[in-house]
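**Q** I'm passing along data_10.csv; it holds CSV, C-alpha atoms.
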```
chain,number,residue,atom,x,y,z
L,799,MET,CA,1.3,-18.2,4.9
L,800,LEU,CA,3.4,-15.1,4.2
L,801,THR,CA,7.0,-13.9,3.9
L,802,ILE,CA,7.6,-10.5,5.3
L,803,PHE,CA,10.7,-8.7,4.2
L,804,ALA,CA,12.2,-5.3,5.2
L,805,ILE,CA,15.4,-3.3,5.2
L,806,PRO,CA,15.9,-1.5,8.5
L,807,LYS,CA,17.7,1.7,9.0
L,808,PRO,CA,20.7,1.8,11.4
L,809,PHE,CA,19.6,1.0,15.0
L,810,ARG,CA,20.5,4.3,16.6
L,811,GLY,CA,18.6,6.4,19.0
L,812,HIS,CA,14.8,6.7,18.6
L,813,ILE,CA,14.7,4.7,15.3
L,814,ALA,CA,16.2,1.7,17.2
L,815,VAL,CA,13.2,1.7,19.5
L,816,THR,CA,10.6,2.1,16.7
L,817,GLN,CA,12.2,-0.6,14.5
L,818,ARG,CA,12.4,-3.1,17.4
L,819,ASN,CA,8.8,-2.5,18.2
L,820,ALA,CA,7.8,-3.1,14.6
L,821,ILE,CA,9.9,-6.2,14.0
L,822,ARG,CA,8.8,-7.8,17.3
L,823,SER,CA,5.2,-7.3,16.3
L,824,TRP,CA,5.8,-9.2,13.0
L,825,THR,CA,7.2,-12.2,14.9
L,826,LEU,CA,3.9,-12.4,16.9
L,827,LEU,CA,1.6,-12.6,13.9
L,828,ARG,CA,-0.5,-15.8,13.5
L,829,PRO,CA,-0.3,-17.8,11.4
L,830,ALA,CA,3.4,-17.3,11.9
L,831,CYS,CA,5.1,-15.4,9.1
L,832,GLU,CA,8.6,-15.9,7.8
L,833,VAL,CA,10.6,-12.6,8.4
L,834,ILE,CA,13.6,-11.6,6.3
L,835,LEU,CA,15.7,-8.6,7.3
L,836,MET,CA,17.9,-7.3,4.6
L,837,GLY,CA,21.0,-5.0,4.5
L,838,ASN,CA,24.0,-4.7,6.7
L,839,GLU,CA,23.1,-1.5,8.6
L,840,GLU,CA,24.2,-1.2,12.2
L,841,GLY,CA,22.2,-3.5,14.5
L,842,THR,CA,20.3,-5.5,11.8
L,843,ALA,CA,22.4,-8.7,12.2
L,844,GLU,CA,22.0,-8.5,16.0
L,845,ILE,CA,18.2,-8.2,16.0
L,846,ALA,CA,17.9,-10.9,13.4
L,847,GLU,CA,19.9,-13.2,15.6
L,848,GLU,CA,18.0,-12.2,18.8
L,849,PHE,CA,14.6,-13.0,17.2
L,850,GLY,CA,15.7,-15.9,15.1
L,851,LEU,CA,15.1,-14.3,11.8
L,852,ARG,CA,16.7,-14.7,8.4
L,853,HIS,CA,19.3,-12.1,7.6
L,854,VAL,CA,20.4,-11.2,4.1
L,855,PRO,CA,23.3,-8.6,4.5
L,856,GLU,CA,24.2,-8.1,0.8
L,857,VAL,CA,21.8,-6.1,-1.3
L,858,ALA,CA,22.3,-4.1,-4.5
L,859,ARG,CA,22.8,-0.4,-4.1
L,860,ASN,CA,22.9,2.7,-6.2
L,861,LYS,CA,25.9,5.1,-6.5
L,862,PHE,CA,24.7,6.9,-3.3
L,863,GLY,CA,24.8,3.6,-1.4
L,864,THR,CA,21.1,3.3,-1.0
L,865,PRO,CA,19.5,-0.2,-1.5
L,866,LEU,CA,17.5,-0.8,-4.6
L,867,VAL,CA,13.8,-1.8,-4.4
L,868,SER,CA,14.2,-4.1,-7.4
L,869,ASP,CA,16.8,-6.2,-5.6
L,870,LEU,CA,14.9,-6.4,-2.4
L,871,PHE,CA,11.8,-7.8,-4.1
L,872,GLN,CA,13.8,-10.1,-6.3
L,873,LYS,CA,15.9,-11.5,-3.4
L,874,ALA,CA,12.9,-12.1,-1.1
L,875,GLN,CA,11.1,-14.1,-3.8
L,876,HIS,CA,14.2,-16.1,-4.7
L,877,LEU,CA,15.0,-17.0,-1.1
L,878,SER,CA,11.5,-17.9,0.2
L,879,ARG,CA,9.4,-20.9,-0.9
L,880,ARG,CA,6.2,-19.2,0.1
L,881,ASN,CA,3.7,-17.9,-2.4
L,882,PHE,CA,2.8,-14.6,-0.8
L,883,PHE,CA,5.0,-11.8,0.2
L,884,CYS,CA,4.8,-8.5,2.1
L,885,TYR,CA,7.2,-5.7,1.9
L,886,VAL,CA,6.8,-3.4,4.9
L,887,ASN,CA,8.7,-0.4,6.2
L,888,SER,CA,10.6,-1.1,9.4
L,889,ASP,CA,8.7,1.4,11.5
L,890,ILE,CA,5.2,-0.2,11.0
L,891,VAL,CA,3.6,-2.2,13.8
L,892,LEU,CA,1.3,-4.9,12.5
L,893,MET,CA,-1.3,-6.7,14.5
L,894,SER,CA,-3.5,-9.8,14.3
L,895,ASP,CA,-6.0,-8.1,12.0
L,896,PHE,CA,-3.3,-7.8,9.3
L,897,THR,CA,-3.0,-11.6,8.7
L,898,GLN,CA,-6.8,-12.0,9.1
L,899,ALA,CA,-7.3,-9.5,6.3
L,900,VAL,CA,-4.6,-11.0,4.1
L,901,GLN,CA,-6.1,-14.5,4.5
L,902,ARG,CA,-9.6,-13.2,3.5
L,903,VAL,CA,-8.1,-11.8,0.3
L,904,ILE,CA,-6.1,-14.9,-0.5
L,905,ASP,CA,-9.3,-16.9,-0.2
L,906,GLN,CA,-11.0,-14.8,-2.8
L,907,LYS,CA,-8.3,-13.6,-5.2
L,908,SER,CA,-5.3,-15.2,-6.9
L,909,ARG,CA,-3.9,-11.9,-8.3
L,910,PHE,CA,-3.9,-8.8,-6.2
L,911,LEU,CA,-1.9,-6.0,-4.6
L,912,PHE,CA,-3.0,-5.5,-1.0
L,913,VAL,CA,-2.3,-2.0,0.6
L,914,GLY,CA,-3.8,0.4,3.0
L,915,HIS,CA,-3.5,3.6,5.0
L,916,ARG,CA,-1.3,3.8,8.0
L,917,TRP,CA,-2.0,5.4,11.4
L,918,ASN,CA,0.6,7.9,12.5
L,919,LEU,CA,1.4,7.9,16.2
L,920,ASP,CA,4.0,9.4,18.5
L,921,LEU,CA,5.5,6.4,20.2
L,922,ASP,CA,8.8,7.0,22.0
L,923,GLU,CA,9.0,4.0,24.3
L,924,ALA,CA,9.5,0.3,23.8
L,925,LEU,CA,6.2,-1.6,23.6
L,926,GLU,CA,5.4,-4.1,26.3
L,927,PHE,CA,4.2,-7.1,24.4
L,928,GLU,CA,2.1,-8.6,27.1
L,929,ALA,CA,-1.2,-10.5,26.6
L,930,ASN,CA,-3.4,-7.4,25.9
L,931,TRP,CA,-0.8,-5.2,24.1
L,932,GLU,CA,-2.9,-5.0,20.9
L,933,ALA,CA,-6.0,-3.6,22.7
L,934,LYS,CA,-3.9,-1.0,24.5
L,935,LEU,CA,-2.2,0.1,21.3
L,936,ARG,CA,-5.5,0.3,19.4
L,937,ASP,CA,-7.0,2.5,22.2
L,938,ARG,CA,-3.9,4.8,22.1
L,939,VAL,CA,-4.2,5.1,18.3
L,940,LYS,CA,-7.9,5.9,18.5
L,941,LYS,CA,-7.2,8.6,21.0
L,942,ASP,CA,-3.9,10.2,19.7
L,943,GLY,CA,-3.3,8.7,16.3
L,944,LYS,CA,-4.0,10.3,12.9
L,945,LEU,CA,-4.9,8.5,9.7
L,946,ALA,CA,-2.2,9.3,7.1
L,947,TYR,CA,-2.9,10.7,3.6
L,948,ALA,CA,-3.3,8.6,0.5
L,949,PHE,CA,0.3,9.2,-0.5
L,950,SER,CA,1.6,7.4,2.5
L,951,ILE,CA,2.1,3.8,1.4
L,952,ASP,CA,4.0,1.6,3.8
L,953,TYR,CA,3.2,-2.0,3.0
L,954,PHE,CA,2.5,-4.2,0.0
L,955,VAL,CA,1.2,-7.8,0.0
L,956,PHE,CA,1.3,-9.7,-3.3
L,957,PRO,CA,1.6,-13.2,-4.8
L,958,ARG,CA,4.9,-14.5,-6.1
L,959,ASP,CA,6.1,-13.2,-9.5
L,960,LEU,CA,3.1,-10.9,-10.0
L,961,LEU,CA,4.7,-7.5,-10.3
L,962,GLY,CA,7.3,-8.3,-13.0
L,963,GLU,CA,10.4,-6.2,-13.5
L,964,ILE,CA,10.7,-3.3,-11.1
L,965,PRO,CA,12.8,-0.2,-12.0
L,966,PRO,CA,15.9,0.4,-9.9
L,967,PHE,CA,14.3,2.7,-7.5
L,968,ALA,CA,16.1,3.9,-4.3
L,969,ILE,CA,14.3,2.6,-1.2
L,970,GLY,CA,13.2,5.2,1.3
L,971,ARG,CA,12.8,7.9,-1.4
L,972,PRO,CA,9.6,9.1,-3.0
L,973,ARG,CA,7.5,7.8,-5.9
L,974,TRP,CA,8.5,4.1,-6.1
L,975,ASP,CA,5.5,3.2,-3.9
L,976,ASN,CA,3.2,5.3,-6.1
L,977,TRP,CA,4.6,3.5,-9.1
L,978,MET,CA,3.8,0.1,-7.5
L,979,LEU,CA,0.1,1.0,-7.3
L,980,TYR,CA,0.2,2.1,-10.9
L,981,ARG,CA,1.8,-1.2,-11.8
L,982,ALA,CA,-1.0,-3.2,-10.3
L,983,ARG,CA,-3.7,-1.2,-12.1
L,984,SER,CA,-1.8,-1.3,-15.4
L,985,LEU,CA,-1.7,-5.2,-15.1
L,986,ARG,CA,-5.5,-5.1,-14.4
L,987,MET,CA,-5.1,-6.8,-11.1
L,988,PRO,CA,-7.3,-5.9,-8.0
L,989,LEU,CA,-5.6,-3.1,-6.0
L,990,ILE,CA,-7.2,-3.7,-2.6
L,991,ASP,CA,-7.4,-1.1,0.2
L,992,ALA,CA,-7.7,-2.9,3.5
L,993,THR,CA,-7.9,0.2,5.7
L,994,PRO,CA,-11.4,-0.6,7.0
L,995,VAL,CA,-10.4,-3.9,8.5
L,996,MET,CA,-6.8,-3.4,9.8
L,997,MET,CA,-4.7,-0.9,11.7
L,998,ALA,CA,-1.1,-0.5,10.6
L,999,VAL,CA,0.7,1.8,13.1
L,1000,HIS,CA,3.4,4.1,11.9
L,1001,GLN,CA,5.7,5.3,14.7
L,1002,ASN,CA,6.6,8.9,13.9
L,1003,HIS,CA,10.3,9.6,13.7
L,1004,ASP,CA,12.8,12.1,12.5
L,1005,TYR,CA,15.1,11.8,9.4
L,1006,ALA,CA,18.4,11.8,11.1
L,1007,HIS,CA,19.4,8.8,9.0
L,1008,HIS,CA,19.9,11.2,6.0
L,1009,PRO,CA,22.6,13.8,6.0
L,1010,GLN,CA,20.1,16.5,4.7
L,1011,GLY,CA,17.2,15.3,6.8
L,1012,LYS,CA,13.6,15.2,5.5
L,1013,ASP,CA,14.4,17.7,2.7
L,1014,GLY,CA,17.2,15.4,1.5
L,1015,VAL,CA,14.9,12.4,1.5
L,1016,SER,CA,12.0,14.1,-0.3
L,1017,HIS,CA,13.8,16.5,-2.7
L,1018,GLY,CA,17.4,15.3,-3.0
L,1019,ASP,CA,19.2,13.8,-6.1
L,1020,GLU,CA,17.8,10.3,-5.4
L,1021,ALA,CA,14.3,11.6,-5.1
L,1022,VAL,CA,14.7,13.3,-8.5
L,1023,ILE,CA,16.0,10.0,-10.0
L,1024,ASN,CA,13.1,8.1,-8.6
L,1025,GLU,CA,10.6,10.6,-10.0
L,1026,LYS,CA,12.1,10.1,-13.5
L,1027,LEU,CA,12.1,6.3,-13.1
L,1028,ALA,CA,8.4,6.5,-12.1
L,1029,GLY,CA,7.6,8.3,-15.3
L,1030,GLY,CA,5.9,11.5,-14.2
L,1031,LEU,CA,2.6,12.5,-12.5
L,1032,VAL,CA,0.4,10.3,-14.5
L,1033,TYR,CA,2.0,7.2,-12.9
L,1034,TRP,CA,2.0,8.6,-9.3
L,1035,PHE,CA,-1.0,6.6,-8.1
L,1036,THR,CA,-2.2,6.8,-4.5
L,1037,LEU,CA,-4.4,4.7,-2.2
L,1038,ASP,CA,-7.3,6.6,-3.7
L,1039,ASP,CA,-6.7,4.7,-6.9
L,1040,ALA,CA,-7.5,1.3,-5.3
L,1041,ASN,CA,-10.4,-0.3,-7.1
L,1042,TYR,CA,-11.3,-2.7,-4.3
L,1043,LEU,CA,-12.1,-2.1,-0.7
L,1044,LEU,CA,-11.9,-4.8,2.0
L,1045,THR,CA,-14.7,-4.1,4.5
L,1046,PRO,CA,-15.8,-6.2,7.5
L,1047,GLU,CA,-18.6,-7.6,5.4
L,1048,LYS,CA,-17.0,-8.3,2.1
L,1049,LEU,CA,-14.4,-7.5,-0.6
L,1050,ARG,CA,-16.2,-5.0,-2.9
L,1051,ARG,CA,-15.4,-2.9,-5.9
L,1052,LYS,CA,-14.8,0.8,-5.2
L,1053,PHE,CA,-16.3,3.6,-7.2
L,1054,ASP,CA,-13.6,4.1,-9.9
L,1055,ARG,CA,-13.7,7.8,-10.5
L,1056,ALA,CA,-11.0,7.7,-13.2
L,1057,HIS,CA,-12.9,5.1,-15.2
L,1058,PHE,CA,-16.2,6.9,-14.7
L,1059,PHE,CA,-14.9,10.2,-16.1
L,1060,ARG,CA,-13.3,8.4,-19.1
L,1061,GLU,CA,-16.6,6.8,-19.9
L,1062,CYS,CA,-18.3,10.2,-19.5
L,1063,GLU,CA,-16.0,11.7,-22.0
L,1064,LYS,CA,-16.9,9.0,-24.5
L,1065,LEU,CA,-20.6,9.7,-23.9
L,1066,ARG,CA,-20.1,13.4,-24.2
L,1067,ALA,CA,-18.6,13.0,-27.6
L,1068,LEU,CA,-21.4,10.8,-28.8
L,1069,TYR,CA,-24.5,12.4,-27.2
L,1070,PRO,CA,-24.1,16.1,-26.3
L,1071,TRP,CA,-27.6,16.4,-24.8
L,1072,PRO,CA,-28.4,16.5,-22.0
L,1073,PRO,CA,-25.3,18.1,-20.4
L,1074,LEU,CA,-23.2,15.2,-19.1
L,1075,THR,CA,-22.0,17.3,-16.2
L,1076,TRP,CA,-25.5,16.9,-14.7
L,1077,ILE,CA,-25.3,13.2,-15.2
L,1078,GLU,CA,-21.9,13.0,-13.6
L,1079,LYS,CA,-23.3,14.8,-10.5
L,1080,ALA,CA,-26.3,12.5,-10.5
L,1081,VAL,CA,-24.2,9.4,-10.6
L,1082,ILE,CA,-21.9,10.6,-7.8
L,1083,THR,CA,-24.8,11.7,-5.5
L,1084,SER,CA,-26.8,8.6,-6.2
L,1085,ARG,CA,-24.1,6.2,-4.9
L,1086,PRO,CA,-25.9,5.3,-1.7
L,1087,PHE,CA,-29.1,4.6,-3.6
L,1088,ARG,CA,-27.3,2.5,-6.3
L,1089,SER,CA,-25.5,0.6,-3.6
L,1090,ARG,CA,-28.7,-0.2,-1.7
L,1091,PHE,CA,-30.4,-1.6,-4.8
L,1092,GLY,CA,-27.3,-3.3,-6.3
L,1093,LEU,CA,-26.9,-0.9,-9.3
L,1094,SER,CA,-23.3,-0.9,-10.5
L,1095,LEU,CA,-21.7,2.0,-12.3
L,1096,GLY,CA,-21.3,-0.1,-15.4
L,1097,SER,CA,-25.0,-0.9,-15.4
L,1098,PHE,CA,-25.9,2.8,-15.1
L,1099,LEU,CA,-23.6,3.7,-18.0
L,1100,ARG,CA,-24.9,1.0,-20.2
L,1101,GLY,CA,-28.5,2.1,-19.4
L,1102,TRP,CA,-27.7,5.7,-20.1
L,1103,ASN,CA,-26.0,4.7,-23.4
L,1104,LYS,CA,-29.2,3.0,-24.5
L,1105,ILE,CA,-31.4,5.9,-23.5
L,1106,ALA,CA,-29.1,8.4,-25.2
L,1107,HIS,CA,-28.9,6.3,-28.3
L,1108,SER,CA,-32.7,6.0,-28.5
L,1109,TYR,CA,-33.0,9.8,-28.1
L,1110,LYS,CA,-30.5,10.3,-30.9
L,1111,GLN,CA,-32.6,8.1,-33.3
L,1112,GLN,CA,-35.7,10.1,-32.8
L,1113,PRO,CA,-36.7,12.4,-35.8
```
Let me see the structure of the file written as structure tokens.
**A**
Amino acid sequence: MLTIFAIPKPFRGHIAVTQRNAIRSWTLLRPACEVILMGNEEGTAEIAEEFGLRHVPEVARNKFGTPLVSDLFQKAQHLSRRNFFCYVNSDIVLMSDFTQAVQRVIDQKSRFLFVGHRWNLDLDEALEFEANWEAKLRDRVKKDGKLAYAFSIDYFVFPRDLLGEIPPFAIGRPRWDNWMLYRARSLRMPLIDATPVMMAVHQNHDYAHHPQGKDGVSHGDEAVINEKLAGGLVYWFTLDDANYLLTPEKLRRKFDRAHFFRECEKLRALYPWPPLTWIEKAVITSRPFRSRFGLSLGSFLRGWNKIAHSYKQQP
């Protein structure tokens, strides 16, 4: 069904526990997923051998020695014969609802980028993967976890060869994940937020793997380079820019705020009366009503366009 690929940090201290938890959870997914661990960091080869996973030690790196996103995605698609791929950070625990959600999307769409919010949780100990481990973890997340902001993007599911050429971003540094969301929207493919139907658990950790800690990761030289490669604020998309939402009932289009305001600007230029700010507010506040009666944003705008045009033609 799916090839999962990741590049773990060195297996030292607490991060060794969180990564082992995450990788073990991937091996338990059903239908079974192919898992590829990349890089030659301390402990990666050993855990790949222990769990019977594919290990790719050599990856392209920048001048700082950090692996490149472009090479990871290229190698995974070259090495696997499967048609769907998932890059995931090595501290993310995935459960059975993940593969169920992915299968629902595959059944409906041939082109997509599948993403979602993560749940942050303090988890210091090794998980016991007994029969009811998922239920126990879900209860713990509901009690003590916190849903992360829209800028926290930790996994991407996509079909083979869909994203095209990726700039040489440094993995584990900011903005490459935001650019990926922009890339999906620029290619006019569904950007699907699966948060309502799956729980991805991020195990909170420190930043001891970087010499300057969290500040070095977020604001160091590599972060600056990534920001330049991403092209500036206009390309820093977040999960709020997803144009589809996977709910328990169906895959549905989300209200596309950016598209709506672009259309409003066009109408404002053509028909200055009545004040479009009033119309904007009316559309936003009427969402529950429009959803109930199947009125899409497009149908509303087309209807308003006809009304405003008729008004303009009056003597």
**Q** For Glu923 (chain L), which of L:Lys861, L:Arg810, L:Arg1051, L:Arg818 is the closest residue, counting all atoms listed in the file?
**A** L:Arg818
**Q** May I have the residues within 7 Å of region 979-991 of chain L as a list in words, using only C-alpha atoms and disregarding those fewer than 2 positions away in the same chain?
**A**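 The contact residues come out as Arg909, Phe910, Leu911, Phe912, Val913, Gly914, Asp975, Asn976, Trp977, Thr993, Tyr1033, Trp1034, Phe1035, Thr1036, Leu1037, Ala1040, Asn1041, Tyr1042, Leu1043 and Leu1044 of chain L.
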**Q** For CA of Trp824 (chain L) and CA of Phe809 (chain L), determine how far apart the two atoms are, in Å to one decimal place.
**A** 17.3 Å
**Q** Nearest to Glu932 (chain L): which of L:Gln875, L:Asn1024, L:Thr842, L:Ser894 is it, counting all atoms listed in the file?
**A**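 Result for the nearest residue to Glu932 (chain L): L:Ser894.
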**Q** Figure out the distance between CA of Leu945 (chain L) and CA of Trp917 (chain L), please, to one decimal in Å.
**A**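 CA of Leu945 (chain L) lies 4.6 Å from CA of Trp917 (chain L).
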**Q** For the atom pair CA of His812 (chain L) and CA of Pro966 (chain L), what is the interatomic distance in Å to one decimal place?
**A**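 According to the coordinates, CA of His812 (chain L) and CA of Pro966 (chain L) are separated by 29.2 Å.
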